[in-house]
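Engineer: Sending over a structure as structure tokens; questions will come in a sec.
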Number of protein chains: 2
Amino acid sequence: MTVLLDPSDVTARLTPAIAIEGVRDALRAAARGELAAPARTVVGVGDGALVFTIGAAPYGYGFRVYDRFGSTSVDDQLVALWSRDGRLTAVAHGPELGRRRTGAIGAIAIDALRPPGPLTVGIVGAGQQAWHQIWALRALRQIHEVRIFRRNAAARAEWLERFRRLVDHVAEAETAEDAAVEVDVVILATPSTQPVVDPSAVPKDALVSSLGPKDIGASELPALLVDRARMIVTDAPAQLGPSSVATDRALTPLWSLIEDPPRRREGSVFLSAGLGGTEVAVLARALDARAG
Amino acid sequence: MTVLLDPSDVTARLTPAIAIEGVRDALRAAARGELAAPARTVVGVGDGALVFTIGAAPYGYGFRVYDRFGSTSVDDQLVALWSRDGRLTAVAHGPELGRRRTGAIGAIAIDALRPPGPLTVGIVGAGQQAWHQIWALRALRQIHEVRIFRRNAAARAEWLERFRRLVDHVAEAETAEDAAVEVDVVILATPSTQPVVDPSAVPKDALVSSLGPKDIGASELPALLVDRARMIVTDAPAQLGPSSVATDRALTPLWSLIEDPPRRREGSVFLSAGLGGTEVAVLARALDARAG
């Protein structure tokens with residue numbers, strides 16, 4: 001029988017720990033060379049497009065799809081999972097699986113790239129995406145403080161309240177630089193195609209995790225932070241084209257770090273790109289999970 | 001609420017009449033210039049591929065997807081339908097929706113390309129695909145006789161029985177040419193990349209409907225039948241690439257014929273190519289239908 005998970009089922013089942021386990025399943029498969037995850041497929045349809053991220057691994061195959069039609073008012077994404085013998089095991093829909101998956105990827109990256117211990121996190125672009133990073137990170141690390149900046153003051157105040165439901169100490173920053181001072185991790189989560197923070201404000205040992213645009217000359221990430229980074233890490237090398245900010249640097253796949261012996265990784269940059277097959281793996285884990 | 005139609009729901013709801021109405025919805029939208037249906041998208045994934053046929057029309061948007069993994073033993077295709085405002089309305093799975101959709105396309109083509117009246121149909125390659133052509137055609141035309149050929153005699157005998165559940169008069173042909181003699185319609189439904197029938201055995205006024213491979217030099221369809229055809233008609237012009245057998249001929253879209261005043265159309269060739277958006281339209285009709 002095929003299981004249909006409605007948005008409320010997804011929300012009830014996908015705890016941070018379950019989302020993280022799902023993403024780890026995909027990363028472990030990738031580390032063993034057992035994950036096929038091509039770059040996302042964008043199919044133009046009339047005045048919009050459908051975007052598919054596909055993955056196939058020992059735990060199954062499938063995809064996530066979302067639309068880029070200007071006309072849709074609802075974000076009702078679909079994730080479909082087949083068993084290796086071809087049975088449609090499950091279908092989930094709504095916006096939450098993708099968001100929580102991306103949060104889990106970011107949390108795993110932060111955990112892999114920062115020495116053990118509690119973290120202070122600065123956020124530039126406090127919104128849905130950044131919120132889900134913290135949502136997942138709580139399951140892996142104690143969070144000492146989150147300092148948030150968003151250009152729009154009204155939206156910033158609103159998100160300040162939402163972050164306070166996740167973490168005890170949330171501070172409002174008046175500038176992007178204020179959000180970055182003396183933190184362990186800087187999360188950039190804006191749609192900006194221009195640098196959003198003065199790199200001199202970012203501590204040299206901080207991890208910089210970028211969720212926004214990543215093309216050279218059209219990125220939220222200041223070039224200096226890429227240049228001075230110890231390592232450039234990504235979850236989805238196939239997703240970063242020849243015009244990416246990391247094009248001149250060796251890319252370290254996140255999956256190569258998750259079970260490594262620890263080494264110095266401070267001062268790295270993480271480029272969150274959306275590894276195909278992670279959504280499917282998270283759905284597989286959600287199926288096993290009891291509604292929380 | 002999103003509706004999930006399991007294979008048994010699809011089978012119960014999708015009568016020939018419902019499948020035909022769904023395909024007609026898509027063709028009418030195409031005739032008005034309101035159907036966006038790009039050529040199918042094949043995404044390589046590891047040692048196989050996923051194949052998407054996508055369509056967007058006023059009744060909604062969505063796609064069908066099936067796999068080309070050698071490892072799968074089940075054909076558990078997925079069809080997903082969103083409303084124009086972005087809500088996932090329904091998901092159907094299993095092999096039947098696609099088959100019945102293709103049957104309905106063929107039946108509409110036969111009905112559009114043959115003068116009114118009962119039909120005698122010859123089949124070369126009697127199997128699942130050809131069977132669904134007759135399954136749907138019964139809803140539009142009286143069928144006087146079906147004459148079936150399949151190279152493998154054991155499989156032919158098995159399909160003979162199955163066709164007898166659809167039509168009173170089913171005859172077994174010993175050769176492809178025997179199946180084609182004096183019929184109104186010849187259905188070619190083989191996987192062959194070589195011509196499967198001697199064209200001199202095919203009546204000049206018969207409609208030839210081809211479901212198999214369509215590339216020049218790699219088609220089940222004899223070149224002479226294309227050369228002498230009054231019209232070359234297809235449901236999905238976008239699907240027929242530059243190497244198609246019809247490349248030197250003007251292609252008539254099926255959607256331009258369905259509400260036309262009648263004109264002489266005997267002796268045409270129909271190339272069944274799988275118009276994107278038809279599966280989605282058939283699913284929309286199945287939702288409205290009560291389980292029969």
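By order of appearance in the structure tokens: chains A, B, ..., then residues from 1 within every chain, and ligands from 1 in the order shown.
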For chain A, list the residues within 8 Å of chain B, counting only C-alpha atoms, and write the list as a compact mmCIF listing (two decimals) with C-alpha atoms, in the first residue's frame.

Structural biologist:
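The resulting file, part_39.txt, is shown below:
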# COMPACT_ATOMS: atom_id res chain seq x y z
CA THR A 2 1.21 3.44 -0.87
CA LEU A 4 0.11 9.47 1.49
CA ASP A 6 -0.42 15.21 4.05
CA LEU A 35 23.82 7.59 -4.42
CA ALA A 36 22.98 8.74 -7.95
CA ALA A 37 21.98 12.39 -7.67
CA PRO A 38 22.10 14.38 -10.91
CA THR A 41 16.13 19.24 -13.73
CA VAL A 43 11.46 21.80 -17.28
CA GLY A 44 9.90 24.90 -18.81
CA VAL A 45 6.13 24.60 -19.10
CA GLY A 46 4.28 27.54 -20.58
CA ILE A 54 16.08 13.22 -8.21
CA GLY A 55 18.01 10.61 -6.34
CA ALA A 56 18.49 6.86 -6.37
CA SER A 71 0.36 32.07 -10.76
CA THR A 72 0.39 29.58 -7.87
CA SER A 73 -0.43 30.87 -4.41
CA VAL A 74 0.33 27.61 -2.56
CA ASP A 75 3.69 25.83 -2.21
CA ASP A 76 2.41 22.26 -2.44
CA GLN A 77 5.59 20.39 -3.27
CA LEU A 78 5.52 16.65 -3.87
CA ARG A 84 14.21 -0.54 -5.46
CA ASP A 85 11.86 -3.06 -7.05
CA GLY A 86 9.64 -0.28 -8.37
CA ARG A 87 6.77 0.00 -5.89
CA LEU A 88 5.57 3.49 -5.05
CA HIS A 93 3.27 16.90 -0.05

Engineer: Just want the 9 Å neighbourhood of Trp159 (chain A), counted on only C-alpha atoms, with same-chain residues fewer than 5 positions away dropped. Output as a list in words.

Structural biologist: Ala126, Gly127, Gln128, Trp131, Ile148, Arg150, Ala154 and Arg164 of chain A

Engineer: Next, dump the selected residues to file, keeping only N, CA, C and O atoms, as a PDB file, in the first residue's frame.

Structural biologist:
ATOM      1  N   ALA A 126      17.077  36.642   8.245  1.00  0.00           N
ATOM      2  CA  ALA A 126      16.297  35.785   9.152  1.00  0.00           C
ATOM      3  C   ALA A 126      14.914  35.562   8.559  1.00  0.00           C
ATOM      4  O   ALA A 126      14.111  36.482   8.448  1.00  0.00           O
ATOM      5  N   GLY A 127      14.634  34.325   8.162  1.00  0.00           N
ATOM      6  CA  GLY A 127      13.334  33.969   7.587  1.00  0.00           C
ATOM      7  C   GLY A 127      13.166  32.463   7.668  1.00  0.00           C
ATOM      8  O   GLY A 127      13.823  31.788   8.471  1.00  0.00           O
ATOM      9  N   GLN A 128      12.286  31.957   6.826  1.00  0.00           N
ATOM     10  CA  GLN A 128      11.938  30.544   6.838  1.00  0.00           C
ATOM     11  C   GLN A 128      13.176  29.634   6.768  1.00  0.00           C
ATOM     12  O   GLN A 128      13.304  28.672   7.538  1.00  0.00           O
ATOM     13  N   TRP A 131      15.471  29.891   9.826  1.00  0.00           N
ATOM     14  CA  TRP A 131      14.761  29.332  10.983  1.00  0.00           C
ATOM     15  C   TRP A 131      14.900  27.808  11.008  1.00  0.00           C
ATOM     16  O   TRP A 131      15.129  27.199  12.061  1.00  0.00           O
ATOM     17  N   ILE A 148      20.193  37.741  15.150  1.00  0.00           N
ATOM     18  CA  ILE A 148      19.557  37.777  13.833  1.00  0.00           C
ATOM     19  C   ILE A 148      19.457  39.175  13.258  1.00  0.00           C
ATOM     20  O   ILE A 148      19.162  40.146  13.952  1.00  0.00           O
ATOM     21  N   ARG A 150      17.771  41.119   9.732  1.00  0.00           N
ATOM     22  CA  ARG A 150      17.018  41.117   8.475  1.00  0.00           C
ATOM     23  C   ARG A 150      16.768  42.570   8.148  1.00  0.00           C
ATOM     24  O   ARG A 150      16.436  43.362   9.038  1.00  0.00           O
ATOM     25  N   ALA A 154      10.227  45.276  10.231  1.00  0.00           N
ATOM     26  CA  ALA A 154       8.975  44.654  10.677  1.00  0.00           C
ATOM     27  C   ALA A 154       9.085  43.124  10.582  1.00  0.00           C
ATOM     28  O   ALA A 154       8.726  42.397  11.519  1.00  0.00           O
ATOM     29  N   ARG A 164      12.601  32.862  18.965  1.00  0.00           N
ATOM     30  CA  ARG A 164      12.550  32.718  20.445  1.00  0.00           C
ATOM     31  C   ARG A 164      11.783  31.472  20.854  1.00  0.00           C
ATOM     32  O   ARG A 164      11.926  31.008  21.980  1.00  0.00           O
TER      33      ARG A 164
END

Engineer: Apply DSSP to the structure's backbone, then extract all residues of region 104-250 of chain A labelled alpha helix (DSSP H) and return them as an NGL selection string.

Structural biologist: :A and (104-113 or 128-137 or 153-164 or 176-180 or 223-227)

Engineer: Quick one: residues within 12 Å of Glu259 (chain B), only C-alpha atoms counted, chain neighbours fewer than 6 positions away excluded, as a CSV table (one decimal) with all heavy atoms, in the first residue's frame?

Structural biologist:
chain,number,residue,atom,x,y,z
B,24,ARG,N,-9.9,14.2,-24.5
B,24,ARG,CA,-10.5,15.3,-25.3
B,24,ARG,C,-10.3,16.6,-24.6
B,24,ARG,O,-10.1,17.7,-25.2
B,24,ARG,CB,-12.0,15.0,-25.5
B,24,ARG,CG,-12.2,14.0,-26.6
B,24,ARG,CD,-13.7,13.9,-26.9
B,24,ARG,NE,-13.9,13.1,-28.0
B,24,ARG,CZ,-15.0,12.3,-28.2
B,24,ARG,NH1,-15.9,12.2,-27.2
B,24,ARG,NH2,-15.1,11.5,-29.3
B,27,LEU,N,-7.0,17.7,-25.6
B,27,LEU,CA,-6.9,18.1,-27.0
B,27,LEU,C,-7.6,19.4,-27.3
B,27,LEU,O,-7.1,20.3,-28.1
B,27,LEU,CB,-7.5,17.0,-27.9
B,27,LEU,CG,-6.8,15.7,-27.9
B,27,LEU,CD1,-7.6,14.6,-28.6
B,27,LEU,CD2,-5.4,15.8,-28.6
B,28,ARG,N,-8.7,19.6,-26.6
B,28,ARG,CA,-9.5,20.9,-26.8
B,28,ARG,C,-8.6,22.1,-26.3
B,28,ARG,O,-8.5,23.1,-26.9
B,28,ARG,CB,-10.8,20.9,-26.0
B,28,ARG,CG,-11.9,20.1,-26.7
B,28,ARG,CD,-13.2,20.3,-25.9
B,28,ARG,NE,-14.0,19.1,-26.1
B,28,ARG,CZ,-14.3,18.1,-25.2
B,28,ARG,NH1,-13.9,18.3,-23.9
B,28,ARG,NH2,-15.0,17.1,-25.5
B,31,ALA,N,-6.1,22.7,-28.8
B,31,ALA,CA,-6.6,23.4,-30.0
B,31,ALA,C,-6.8,24.9,-29.8
B,31,ALA,O,-6.7,25.7,-30.7
B,31,ALA,CB,-8.0,22.8,-30.4
B,32,ARG,N,-7.1,25.3,-28.5
B,32,ARG,CA,-7.2,26.7,-28.2
B,32,ARG,C,-5.9,27.4,-27.8
B,32,ARG,O,-5.9,28.5,-27.4
B,32,ARG,CB,-8.1,26.8,-26.9
B,32,ARG,CG,-9.6,26.5,-27.2
B,32,ARG,CD,-10.4,26.9,-26.0
B,32,ARG,NE,-10.0,26.3,-24.7
B,32,ARG,CZ,-10.6,25.1,-24.2
B,32,ARG,NH1,-11.6,24.6,-24.9
B,32,ARG,NH2,-10.1,24.6,-23.1
B,108,ILE,N,-9.6,8.0,-30.3
B,108,ILE,CA,-10.0,9.3,-30.8
B,108,ILE,C,-9.5,9.6,-32.2
B,108,ILE,O,-10.1,10.1,-33.1
B,108,ILE,CB,-9.6,10.5,-29.8
B,108,ILE,CG1,-10.4,10.4,-28.5
B,108,ILE,CG2,-9.7,11.8,-30.4
B,108,ILE,CD1,-9.9,11.2,-27.4
B,111,ASP,N,-11.4,7.4,-34.6
B,111,ASP,CA,-12.7,8.0,-34.9
B,111,ASP,C,-12.6,9.2,-35.7
B,111,ASP,O,-13.6,9.5,-36.5
B,111,ASP,CB,-13.3,8.3,-33.5
B,111,ASP,CG,-14.8,8.6,-33.6
B,111,ASP,OD1,-15.5,7.9,-34.4
B,111,ASP,OD2,-15.2,9.6,-33.0
B,112,ALA,N,-11.6,10.0,-35.6
B,112,ALA,CA,-11.4,11.2,-36.4
B,112,ALA,C,-11.0,10.9,-37.8
B,112,ALA,O,-11.2,11.7,-38.7
B,112,ALA,CB,-10.4,12.1,-35.7

Engineer: So that I can see what lies close to Glu177 (chain B), please list as JSON, numbers by chain the residues with an atom at most 8 Å from it, counting only C-alpha atoms and leaving out residues fewer than 2 positions away in the same chain.

Structural biologist: {"B": [175, 179, 180, 181, 197, 198, 201, 202]}

Engineer: Output C-alpha atoms for every residue in that selection, as a PDB file, in the first residue's frame.

Structural biologist:
ATOM      1  CA  THR B 175       0.936 -13.452 -40.674  1.00  0.00           C
ATOM      2  CA  ALA B 179      -4.120  -9.305 -40.220  1.00  0.00           C
ATOM      3  CA  ALA B 180      -4.089  -6.310 -42.595  1.00  0.00           C
ATOM      4  CA  VAL B 181      -6.091  -7.596 -45.583  1.00  0.00           C
ATOM      5  CA  VAL B 197       4.132  -5.641 -42.409  1.00  0.00           C
ATOM      6  CA  ASP B 198       4.388  -5.806 -46.208  1.00  0.00           C
ATOM      7  CA  ALA B 201      -1.053  -5.998 -47.996  1.00  0.00           C
ATOM      8  CA  VAL B 202      -2.420  -2.830 -46.381  1.00  0.00           C
TER       9      VAL B 202
END

Engineer: Give me, as a ChimeraX atom specification, all polymer residues having an atom no more than 12 Å from Arg264 (chain B), counting only C-alpha atoms and skipping those fewer than 4 positions away in the same chain.

Structural biologist: /B:112-116,205,207,230-231,257,260,268

Engineer: Near region 184-190 of chain A, within 6 Å and counting only C-alpha atoms, which residues show up once chain neighbours fewer than 4 positions away are dropped, as a list in words?

Structural biologist: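 The residues satisfying every condition are Leu119, Thr120, Val121, Gly122, Ile123, Val124, Gly125, Ala130, Ala206, Leu207, Val208, Ser209, Ser210, Leu211 and Gly212 of chain A.
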
Engineer: Contacts of Ala171 (chain B) at 10 Å or less, counting only C-alpha atoms, minus same-chain residues fewer than 2 places along, as a list of chain:residue names?

Structural biologist: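 So, after excluding close chain neighbours, the residues are B:Gly122, B:Glu145, B:Val146, B:Arg147, B:Ile148, B:Phe149, B:Leu160, B:Phe163, B:Arg164, B:Asp168, B:His169, B:Ala173, B:Glu174, B:Ala179.
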